[in-house]
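Peer 1: My structure is below; once you've seen it, I'll send some questions.
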Protein chains: 2
Amino acid sequence: MATINDVAKLAGVSKTTVSRVLNKTAPVNKETELKIIKAMKELSYQPSLMAQGLRTKRSKMIGIVIPSFSNPFYYRFIQELEWEAKKQDYYVIISSASTGEELKKKYVEDLIHRGVDGLIIFSYKEDNKMGDYFLEISKQTPTVFMDNIGNHRDAAFVYADGFNGIKEVVAHLIEKGHKKIGFIKPKESYKVAVDRYEGYKAALADGNLPLENELVFEGNFEIEDGYIAGEYFWSLDRKPSAIVACTDLLAIGTMKYFLNKGMKIPQDIAVAGYDDIELSTIIQPTLTTYKQPIKEISKTTIDLLIDKIEQRDDINKNIAIKGELVIREST
Amino acid sequence: MATINDVAKLAGVSKTTVSRVLNKTAPVNKETELKIIKAMKELSYQPSLMAQGLRTKRSKMIGIVIPSFSNPFYYRFIQELEWEAKKQDYYVIISSASTGEELKKKYVEDLIHRGVDGLIIFSYKEDNKMGDYFLEISKQTPTVFMDNIGNHRDAAFVYADGFNGIKEVVAHLIEKGHKKIGFIKPKESYKVAVDRYEGYKAALADGNLPLENELVFEGNFEIEDGYIAGEYFWSLDRKPSAIVACTDLLAIGTMKYFLNKGMKIPQDIAVAGYDDIELSTIIQPTLTTYKQPIKEISKTTIDLLIDKIEQRDDINKNIAIKGELVIREST
DNA sequence: TTGAAAGCGCTAACAT
DNA sequence: ATGTTAGCGCTTTCAA
């Protein structure tokens with residue numbers, strides 16, 4: 001491993017000058033610059049990130065905190081984030097903070113101790129204690145919150161526009177002639193869940209359909225909860241002809257219930273989700289859903305974070321990004 | 001951020017002594033040690049990994065190279081690897097080297113330039129050029145190869161015991177009374193695929209069943225290839241009564257074909273896979289398969305790699321780890 | 001436009 | 001058992 005000293009010696013200049021062409025931090029004579037570049041190539045010199053980091057207090061690493069690694073949906077984000085970061089010469093290290101608040105805090109602190117220049121934090125429940133902790137962190141370390149977040153506080157947020165997303169899904173069903181549309185939403189007050197529910201209400205209003213309480217089912221996030229929702233809806237006297245779920249996983253659980261009963265989808269009942277997870281294209285019938293703009297969200301997040309890190313822009317923006325309705329067999 | 005100097009000053013000793021209690025690199029008087037520890041706590045001192053790294057040429061980071069982030073199966077490994085590494089104070093950075101050999105090389109070099117202390121490399125085709133390149137790398141940087149690899153060369157390998165795995169799956173089918181068992185294997189000569197195929201042959205031999213060429217289908221790795229395999233098997237005059245696929249994804253593709261034809265699984269035909277991906281428990285009927293020992297593989301890999309990094313053990317072992325037969329509805 | 005010198009926070013000889 | 005000193009590879013004054 002060649003060092004800056006080797007380059008300087010070979011080029012016959014001081015290491016200061018080499019550093020200058022490396023960082024374009026001061027004008028250098030065209031000729032000497034060429035000599036230096038040649039020397040660098042010859043030695044296939046790569047500056048030591050550790051030495052640079054020690055000097056500049058920058059590690060060129062970004063820490064990602066995700067609530068748990070079990071949701072396959074996160075991986076798509078992580079891949080994109082990694083890719084976008086790499087383009088700008090940053091690397092990404094991931095901390096999958098499973099359960100336990102104390103542990104989660106420890107992970108964040110670990111990451112900071114590791115020397116990450118910034119943090120990307122996924123999905124936390126708006127109303128719990130971790131929220132305050134994370135907000136506090138974001139005041140001391142450049143941070144962008146992603147996905148499942150609350151957007152009314154003074155911090156940087158990037159998320160999918162669930163309001164307009166679900167609105168489009170419901171509108172699509174109304175257009176298909178459905179008058180009674182059930183909605184499955186998570187019990188817990190995640191900001192995104194609320195957004196999506198608002199989208200459902202807005203679409204009903206646009207279609208001059210009443211909001212009926214018995215058509216809104218509250219559950220948890222797992223596949224089984226979708227199944228339970230299916231049971232519930234089918235126990236009603238005035239059954240819905242279509243069901244929209246807050247997430248694909250819930251929608252798939254619901255489909256499972258109706259398929260088990262031997263019903264045909266979409267003939268007997270239409271089902272739609274939100275997320276566009278891979279499973280939605282594998283399951284039979286394939287699921288109509290709303291595609292999260294993963295690429296765009298990731299790019300925006302990285303750009304925003306690096307802007308903060310490099311202090312080009314310290315405004316705490318809240319950015320909602322639109323996705324795309326994907327119509328498949330289930331409707 | 002307190003430095004080692006601050007601690008030394010507060011404790012009234014030299015930084016060398018502080019360093020010594022930090023690294024237990026030389027005996028320190030019990031009393032002074034206590035003073036130093038107290039000072040560290042008071043300042044909530046954390047040694048700078050950058051400074052340590054610069055001095056010791058150790059980053060406490062492990063690079064993971066995976067061929068592409070698209071296979072959800074890798075995530076389970078990554079999570080476990082991350083977890084096991086963290087236990088030993090190492091962090092993990094991932095490089096999802098999509099396609100293109102040049103790009104892949106660049107990623108590996110990036111990681112090394114980043115200063116990773118060791119490398120974990122996933123799944124490469126044994127017989128192509130990358131194999132040689134990776135082998136070369138493994139001579140210069142501590143490296144462990146995982147999963148889909150060839151194990152006859154001089155390097156460290158950890159992988160699932162596919163031979164005994166598939167053997168158990170096929171034996172299970174034979175026990176169920178099946179006499180004609182089809183096998184789906186990938187065309188390309190991945191070492192693991194070959195191992196599994198050998199397991200199939202061994203099980204047939206054990207059960208005194210003949211190996212019939214027309215019962216072995218060669219395809220690619222995707223779900224669709226399983227579907228095509230189903231078509232193929234059903235076009236035969238002497239049809240199999242059970243099918244074992246090299247991977248769950250292939251098995252699921254096959255099931256899809258038979259289900260589309262309105263056949264019942266396992267009544268009309270039994271299907272089994274290998275891997276135990278999550279989808280296998282979601283699909284109807286649930287899929288009999290062989291569970292990869294992800295946790296054990298990951299732990300073994302990390303332990304082996306850190307042994308190499310810290311030069312406790314430089315032997316290039318080849319470690320096969322057994323999994324577990326999981327019997328579900330499809331057989 | 002260039003260089004000399006100091007120092008980032010740490011560890012490792014070498015003394016004592 | 002402890003301290004002094006040098007130096008890892010880089011950037012950043014400061015001076016020329």
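Residue numbering restarts at 1 for every chain of the structure tokens, chains are lettered A, B, ... in their displayed order, and ligands are numbered from 1 as they appear.
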Quick one: residues within 9 Å of segment 311-326 of chain B, only C-alpha atoms (C1' of nucleotides) counted, chain neighbours fewer than 5 positions away excluded, as number ranges by chain?
Peer 2: B: 142, 144, 151-152, 154-162, 164-166, 168-169, 172, 274, 276, 287-294, 296-297, 300, 304, 306
Peer 1: Just write the chosen residues, N, CA and C atoms, as a short mmCIF file (atom, residue, chain, number, x, y, z; two decimals), in the first residue's frame.
Peer 2:
```
data_model
loop_
_atom_site.label_atom_id
_atom_site.label_comp_id
_atom_site.auth_asym_id
_atom_site.auth_seq_id
_atom_site.Cartn_x
_atom_site.Cartn_y
_atom_site.Cartn_z
N PRO B 142 -7.74 -12.04 4.57
CA PRO B 142 -8.48 -13.15 5.19
C PRO B 142 -9.89 -13.26 4.58
N VAL B 144 -13.44 -15.87 3.85
CA VAL B 144 -14.19 -17.12 3.97
C VAL B 144 -15.26 -17.13 2.88
N ASN B 151 -15.48 -26.62 -3.04
CA ASN B 151 -14.75 -26.82 -1.80
C ASN B 151 -13.48 -27.65 -1.97
N HIS B 152 -13.01 -27.72 -3.18
CA HIS B 152 -11.84 -28.58 -3.36
C HIS B 152 -10.55 -27.79 -3.46
N ASP B 154 -7.73 -24.67 -2.10
CA ASP B 154 -7.11 -24.27 -0.85
C ASP B 154 -7.61 -22.91 -0.38
N ALA B 155 -8.74 -22.91 0.25
CA ALA B 155 -9.31 -21.69 0.81
C ALA B 155 -10.32 -22.12 1.87
N ALA B 156 -10.80 -21.18 2.65
CA ALA B 156 -11.75 -21.52 3.71
C ALA B 156 -13.18 -21.48 3.18
N PHE B 157 -13.91 -22.55 3.40
CA PHE B 157 -15.29 -22.64 2.93
C PHE B 157 -16.22 -23.08 4.04
N VAL B 158 -17.36 -22.44 4.10
CA VAL B 158 -18.41 -22.93 5.00
C VAL B 158 -19.68 -23.05 4.18
N TYR B 159 -20.34 -24.17 4.26
CA TYR B 159 -21.53 -24.34 3.44
C TYR B 159 -22.46 -25.38 4.03
N ALA B 160 -23.68 -25.33 3.53
CA ALA B 160 -24.69 -26.28 3.98
C ALA B 160 -24.44 -27.64 3.33
N ASP B 161 -24.67 -28.66 4.08
CA ASP B 161 -24.43 -30.01 3.59
C ASP B 161 -25.58 -30.45 2.69
N GLY B 162 -25.50 -30.04 1.44
CA GLY B 162 -26.58 -30.32 0.50
C GLY B 162 -26.69 -31.79 0.14
N ASN B 164 -26.24 -34.54 2.09
CA ASN B 164 -27.08 -35.24 3.07
C ASN B 164 -28.47 -34.64 3.17
N GLY B 165 -28.56 -33.34 2.88
CA GLY B 165 -29.86 -32.69 2.93
C GLY B 165 -30.82 -33.30 1.92
N ILE B 166 -30.45 -33.22 0.65
CA ILE B 166 -31.32 -33.77 -0.38
C ILE B 166 -31.51 -35.28 -0.18
N GLU B 168 -31.80 -36.85 2.55
CA GLU B 168 -32.88 -37.04 3.53
C GLU B 168 -34.25 -36.76 2.92
N VAL B 169 -34.31 -35.72 2.09
CA VAL B 169 -35.59 -35.38 1.47
C VAL B 169 -36.07 -36.53 0.59
N HIS B 172 -37.14 -39.53 2.53
CA HIS B 172 -38.48 -39.31 3.10
C HIS B 172 -39.56 -39.68 2.09
N TYR B 274 -35.74 -27.41 -1.21
CA TYR B 274 -34.55 -27.35 -0.37
C TYR B 274 -34.23 -25.88 -0.13
N ASP B 276 -35.86 -23.93 2.62
CA ASP B 276 -36.79 -23.42 3.62
C ASP B 276 -36.85 -21.90 3.61
N LEU B 287 -44.83 -26.17 1.81
CA LEU B 287 -43.85 -27.00 1.11
C LEU B 287 -42.92 -27.78 2.05
N THR B 288 -42.84 -29.06 1.82
CA THR B 288 -41.83 -29.87 2.51
C THR B 288 -40.45 -29.49 1.97
N THR B 289 -39.49 -29.34 2.85
CA THR B 289 -38.19 -28.87 2.39
C THR B 289 -37.10 -29.23 3.39
N TYR B 290 -35.91 -28.80 3.10
CA TYR B 290 -34.80 -29.05 4.01
C TYR B 290 -34.27 -27.70 4.46
N LYS B 291 -34.28 -27.51 5.74
CA LYS B 291 -33.96 -26.20 6.30
C LYS B 291 -32.46 -25.98 6.36
N GLN B 292 -32.02 -24.92 5.72
CA GLN B 292 -30.61 -24.58 5.79
C GLN B 292 -30.27 -24.06 7.19
N PRO B 293 -29.19 -24.50 7.75
CA PRO B 293 -28.81 -24.08 9.09
C PRO B 293 -28.15 -22.70 9.06
N ILE B 294 -28.97 -21.71 8.80
CA ILE B 294 -28.44 -20.36 8.57
C ILE B 294 -27.64 -19.84 9.75
N GLU B 296 -26.12 -21.44 12.18
CA GLU B 296 -24.86 -22.16 12.41
C GLU B 296 -23.84 -21.81 11.33
N ILE B 297 -24.29 -21.76 10.10
CA ILE B 297 -23.37 -21.41 9.02
C ILE B 297 -22.78 -20.02 9.27
N THR B 300 -20.35 -20.00 12.29
CA THR B 300 -19.11 -20.67 11.93
C THR B 300 -18.27 -19.80 11.01
N LEU B 304 -14.63 -18.39 12.02
CA LEU B 304 -13.49 -18.79 11.19
C LEU B 304 -12.76 -17.57 10.65
N ILE B 306 -12.75 -14.47 11.83
CA ILE B 306 -12.06 -13.70 12.86
C ILE B 306 -10.82 -14.45 13.35
#
```
Peer 1: Can you tell me which residues surround DT16 of chain C at a distance of at most 12 Å, considering only C-alpha atoms (C1' of nucleotides), apart from same-chain residues fewer than 4 positions away, and format the answer as a PyMOL selection string?
Peer 2: chain D and resi 1-4
Peer 1: So that I have them on file, write out the residues from the current selection with C-alpha atoms (C1' of nucleotides), as a CSV table (one decimal), in the first residue's frame.
Peer 2:
```
chain,number,residue,atom,x,y,z
D,1,DA,C1',4.7,-1.0,36.9
D,2,DT,C1',5.0,3.3,34.4
D,3,DG,C1',6.6,7.0,31.3
D,4,DT,C1',9.0,9.1,27.0
```
Peer 1: Find, counting only C-alpha atoms (C1' of nucleotides), the residue in A:Glu109, A:Asp117, A:Glu33, A:Glu84 that gets nearest to chain C.
Peer 2: A:Glu33
Peer 1: As an exercise, work out the distance from atom CA of Asn220 of chain A to atom CA of Asp195 of chain A in Å and give it to one decimal place.
Peer 2: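 Atom CA of Asp195 of chain A lies 16.3 Å from atom CA of Asn220 of chain A.
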Peer 1: I want to know what sits within 10 Å of Asp303 of chain A, based on only C-alpha atoms (C1' of nucleotides), with residues of the same chain fewer than 4 positions away left out; could you give that as a compact mmCIF listing (two decimals) with N, CA, C and O atoms, in the first residue's frame?
Peer 2:
```
# COMPACT_ATOMS: atom_id res chain seq x y z
N GLU A 84 -26.91 4.06 -4.00
CA GLU A 84 -26.87 5.51 -4.13
C GLU A 84 -25.71 6.10 -3.33
O GLU A 84 -25.05 7.04 -3.75
N ALA A 85 -25.48 5.53 -2.16
CA ALA A 85 -24.39 6.02 -1.31
C ALA A 85 -23.05 5.78 -2.01
O ALA A 85 -22.20 6.66 -2.07
N GLN A 88 -21.75 8.20 -4.38
CA GLN A 88 -21.17 9.43 -3.83
C GLN A 88 -20.04 9.12 -2.87
O GLN A 88 -19.73 9.93 -2.00
N ILE A 297 -37.27 7.16 -3.31
CA ILE A 297 -37.18 7.44 -1.88
C ILE A 297 -35.72 7.31 -1.44
O ILE A 297 -35.19 8.17 -0.72
N SER A 298 -35.08 6.25 -1.90
CA SER A 298 -33.71 6.00 -1.45
C SER A 298 -32.77 7.08 -1.94
O SER A 298 -31.94 7.60 -1.18
N LYS A 299 -32.92 7.41 -3.20
CA LYS A 299 -32.04 8.45 -3.75
C LYS A 299 -32.23 9.77 -3.03
O LYS A 299 -31.27 10.44 -2.64
N ASP A 307 -26.25 16.01 1.81
CA ASP A 307 -26.33 17.48 1.89
C ASP A 307 -26.15 17.94 3.32
O ASP A 307 -25.43 18.91 3.60
N LYS A 308 -26.79 17.27 4.21
CA LYS A 308 -26.67 17.65 5.63
C LYS A 308 -25.25 17.43 6.12
O LYS A 308 -24.68 18.28 6.80
N ILE A 309 -24.70 16.25 5.80
CA ILE A 309 -23.36 15.93 6.27
C ILE A 309 -22.36 16.96 5.79
O ILE A 309 -21.52 17.44 6.53
```
Peer 1: Please, which residues of chain B lie no more than 8 Å from chain D when the count uses only C-alpha atoms (C1' of nucleotides), and can they be set out as a count of residues only?
Peer 2: 9
Peer 1: By how many Å are atom C1' of DT1 of chain C and atom CA of Glu31 of chain A apart?
Peer 2: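 So the answer is 11.4 Å.
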Peer 1: Calculate how many Å separate atom CA of Ile174 of chain A from atom CA of Gly207 of chain A, rounding to one decimal.
Peer 2: 6.9 Å
Peer 1: As a ChimeraX atom specification, could you give me every residue of chain C near chain A (at most 12 Å apart, counting only C-alpha atoms (C1' of nucleotides))?
Peer 2: /C:1-5,7-10
Peer 1: Go through chain B residue by residue and, counting only C-alpha atoms, keep those with an atom at most 7 Å from chain A; for each kept residue give the shortest atom pair and its distance in Å to one decimal, ordered by chain and increasing number, as a Markdown table.
Peer 2:
```
| residue | atom | partner | partner_atom | distance |
| --- | --- | --- | --- | --- |
| B:Leu49 | CA | A:Arg114 | CA | 6.6 |
| B:Met50 | CA | A:Met50 | CA | 5.4 |
| B:Ala51 | CA | A:Leu54 | CA | 5.9 |
| B:Gly53 | CA | A:Met50 | CA | 6.5 |
| B:Leu54 | CA | A:Met50 | CA | 5.6 |
| B:Phe69 | CA | A:Gln79 | CA | 6.4 |
| B:Gln79 | CA | A:Phe69 | CA | 6.4 |
| B:Val92 | CA | A:Ile93 | CA | 6.5 |
| B:Ile93 | CA | A:Ile93 | CA | 5.2 |
| B:Arg114 | CA | A:Leu49 | CA | 6.6 |
```
Peer 1: Report as a VMD selection string: the residues of segment 162-301 of chain A with a DSSP assignment of helix (DSSP H, G or I), based on the backbone of this structure.
Peer 2: chain A and resid 162 to 175 191 to 206 213 to 215 223 to 235 248 to 260 279 to 282 294 to 301
Peer 1: So which bits of segment 48-163 of chain A end up strand (DSSP E) when you DSSP the backbone, as a VMD selection string?
Peer 2: chain A and resid 61 to 66 91 to 96 118 to 122 143 to 146 156 to 160
